[in-house]
Amino acid sequence: MASRPPLAAATILLFVAYSVLVYRVTEDPQGGQADGSVRTGMRVWRERNCQACHQLYGLGGFMGPDLTNVADRRDSTSIKIMIQYGTQRMPPHQLSGPELTGLLAFLRRVNSTGSAVVPSGAVHWTGTYRRRAP
Amino acid sequence: MSRATRVLLLVSLLMLLTTLAFGLVAAVAFVSPTIGRFLHFEQLRAIHVSAALFWIIGGGVGVTYVFAVRVLPFPPQPRVWRGFVVLWMVAVSLAFVAYALRQYGGREYWEFPPSIGAVFLAAFAILAAAFWKPRWAFSGEAPAYLLMWTTGIGFLLTAFVEQNLYLLPWFGGSVLREIAVQWKSNGSMVGAWNQLIYGSSLYLMVQLSGDRSIAVGRRVYLFWLLGFTNLLFNWGHHFYSLPTADWIRHVAYAVSMTEWLVFLDVVREFRRRIVPAQRSARPLVHRFLLGAEWWVAVNLFLALIISIPAVNRFTHGTHVTVAHAMGTTIGINSTILLAILGYLCAVDGGTAVRERVLKAGQSTAMVGLGVMFAALLCAGYGKALASPPVGPGDPQVVMRVVLGPMRVVFVGGALLLVGLMPVILIYAKSLLLAPSPLWKRTAHSEARSID
């Protein structure tokens, strides 16, 4: 395969260019960067390993429900109670005031990015679907 | 085989045992809330998934090193190799200390605090510096396994760096970007270790058959390029449902469908590969390789189906994904690694009792994996019916539906542990106590006879 080095180099360059493009377009719809409270919530999400049991956009563990749009389904008070006191399967989490506020802000931010459910109208006959205009 | 390599492979086998044991305990915590209240599921899962990664990556790198020193004109310096092994051990130990103390902070599969990631980064960097010799891999008639090892090691480092980009404010400050980059890099990481393991598997098949031509030629290079392209561009199927630009989804869909070529080749070649296995002087090694071949076909078929976005719409976020993950990491990666380790430990040619134990262990493990795989598919099907867009998505209903199959998953996992335990112990004993004549071959003797 005499043309291997140029072929490999071209593929890697394409990968780099494609990666940069993906980084640029995968921005939250509201634009800009998350504020301090949301970032606190992101940190708490990781430090408490919430992803071990919960999913965001279907990605994560399956012990608990997908929380992408929980901020739409439940009010802040009931979410706070579940976090602080737990459920049959979920342990209680003792969080400080700013941590709890941050976690709620994070879940609201996730909710505002879109729905985890793909509507049937978005499905194309080729098997793919459209979620957002390019 | 150097002491450092033996230690790395022994610790990797320990990681396999840890994966199996903690997976089983996590399954207990899942199916029994009463017992689960005394266990910490987030801790069990973290240990289970990280141990799986450490087994696959550590084992994959270890066997690649054993083979690479036989064929590379200038193999990695022993001191540098020892440096990698030491750093890897330190990083893995720190990760488990963090888990024992329930300290997290990382992303999925690497849940330990990000500061420990610096040690992993140093390990991957040293590995790349020691190993990465692209001019050998890309020149002339270099066998395809050299290509695979080169791309595998290079992208272990690249993917790990990308996995930690979320620590930079620009990446971590956007929810969609953070999720997309995480699962983009996770896909590349899987592709990287696949390149390593498939490369070593190809080298093993050259050794078993004595036929070097299977590692050179247009066909094998085309399949390498297909695998490499999938490593680079096929991660998009992890987040089809993410509301990002549609072209990311369309590209991932198109690249995913190229794997039908691989699937058709596996099916076509399968019968041809059974014959050498039956006549082989290394029947145990071949049993593992054939098992892996079978699981490649099954998992590839499942992966191709769930890579169709319209199907993925239902299966994403269900246990069908878990079936895919378990089927590939156990059925393919682990089975190939166990075949290679079996070859290095010269398991064939032992006593009749040991041969029966290994055969029974391997068969039990494959049955266990099959039970687990089928049960996960059933759980996933049930969850899909109970979840949007089909069902209401009530968590209580979903859990009621999946509990039954998950109890069967536990049984499958138990069979897997029972089956692989004697295999792990026999391999570990061989690595500790009984040097194999295969270890004594040097780069020069092997290079002259094969390359």
# chains A, B, ... in the order shown; residues from 1 in each chain; ligands from 1

call {"tool": "residues_around", "arguments": {"residues": "Val367 in chain B", "least_positions_apart": "3", "cutoff": "10 Å", "atoms": "only C-alpha atoms", "output": "CSV table (one decimal) with N, CA, C and O atoms, in the first residue's frame"}}
result
chain,number,residue,atom,x,y,z
B,361,GLY,N,-14.2,-23.8,32.3
B,361,GLY,CA,-14.3,-22.4,32.7
B,361,GLY,C,-14.6,-21.6,31.5
B,361,GLY,O,-15.5,-20.7,31.6
B,362,GLN,N,-14.0,-21.8,30.4
B,362,GLN,CA,-14.3,-21.0,29.2
B,362,GLN,C,-15.7,-21.2,28.7
B,362,GLN,O,-16.4,-20.2,28.4
B,363,SER,N,-16.2,-22.4,28.7
B,363,SER,CA,-17.5,-22.7,28.3
B,363,SER,C,-18.6,-22.1,29.2
B,363,SER,O,-19.5,-21.5,28.8
B,364,THR,N,-18.3,-22.2,30.5
B,364,THR,CA,-19.2,-21.6,31.5
B,364,THR,C,-19.3,-20.1,31.4
B,364,THR,O,-20.4,-19.5,31.4
B,370,GLY,N,-23.7,-15.1,27.5
B,370,GLY,CA,-24.9,-15.3,26.6
B,370,GLY,C,-26.1,-15.0,27.4
B,370,GLY,O,-27.0,-14.3,27.0
B,371,VAL,N,-26.2,-15.6,28.6
B,371,VAL,CA,-27.4,-15.3,29.5
B,371,VAL,C,-27.5,-13.9,29.8
B,371,VAL,O,-28.6,-13.3,29.8
B,372,MET,N,-26.4,-13.3,30.2
B,372,MET,CA,-26.4,-11.9,30.6
B,372,MET,C,-26.8,-11.0,29.4
B,372,MET,O,-27.6,-10.0,29.6
B,373,PHE,N,-26.3,-11.3,28.3
B,373,PHE,CA,-26.5,-10.5,27.0
B,373,PHE,C,-28.0,-10.5,26.7
B,373,PHE,O,-28.6,-9.5,26.5
B,412,GLY,N,-26.3,-14.6,35.1
B,412,GLY,CA,-25.3,-14.7,34.1
B,412,GLY,C,-24.0,-14.2,34.5
B,412,GLY,O,-22.9,-14.8,34.2
B,413,GLY,N,-24.0,-13.1,35.3
B,413,GLY,CA,-22.8,-12.5,35.8
B,413,GLY,C,-22.1,-13.5,36.8
B,413,GLY,O,-20.8,-13.6,36.8
B,415,LEU,N,-22.3,-16.8,36.6
B,415,LEU,CA,-21.7,-17.9,35.8
B,415,LEU,C,-20.4,-17.4,35.2
B,415,LEU,O,-19.4,-18.1,35.1
B,416,LEU,N,-20.4,-16.1,34.8
B,416,LEU,CA,-19.2,-15.5,34.2
B,416,LEU,C,-18.0,-15.5,35.2
B,416,LEU,O,-16.9,-15.9,34.8
B,419,GLY,N,-16.9,-19.1,35.9
B,419,GLY,CA,-16.2,-19.6,34.7
B,419,GLY,C,-14.8,-19.1,34.6
B,419,GLY,O,-13.8,-19.8,34.3

call {"tool": "interface_residues", "arguments": {"of": "chain A", "to": "chain B", "cutoff": "8 Å", "atoms": "only C-alpha atoms", "output": "PyMOL selection string"}}
result
chain A and resi 1-2+4-5+11+15+22-23+25-28+32-35+39+43+46-53+55+57-60+62-65+88-89+91+109-110+113-119+123-124+127-134

call {"tool": "residues_around", "arguments": {"residues": "range 80-82 of chain A", "least_positions_apart": "6", "cutoff": "10 Å", "atoms": "only C-alpha atoms", "output": "MDAnalysis selection string"}}
result
chainID A and resid 90:93 95 100:101 103:104

call {"tool": "closest_residue", "arguments": {"among": "A:Ala105, A:Ala8, A:Val16, A:Ile79", "to": "Val44 in chain A", "atoms": "only C-alpha atoms"}}
result
A:Ala105

call {"tool": "select_by_dssp", "arguments": {"residues": "chain A", "states": "strand (DSSP E)", "output": "list in words"}}
result
Gln55, Leu56, Leu59 and Gly60 of chain A

call {"tool": "atom_distance", "arguments": {"atom1": "CA of Ala95 in chain B", "atom2": "CA of Ala118 in chain B"}}
result
11.5 Å
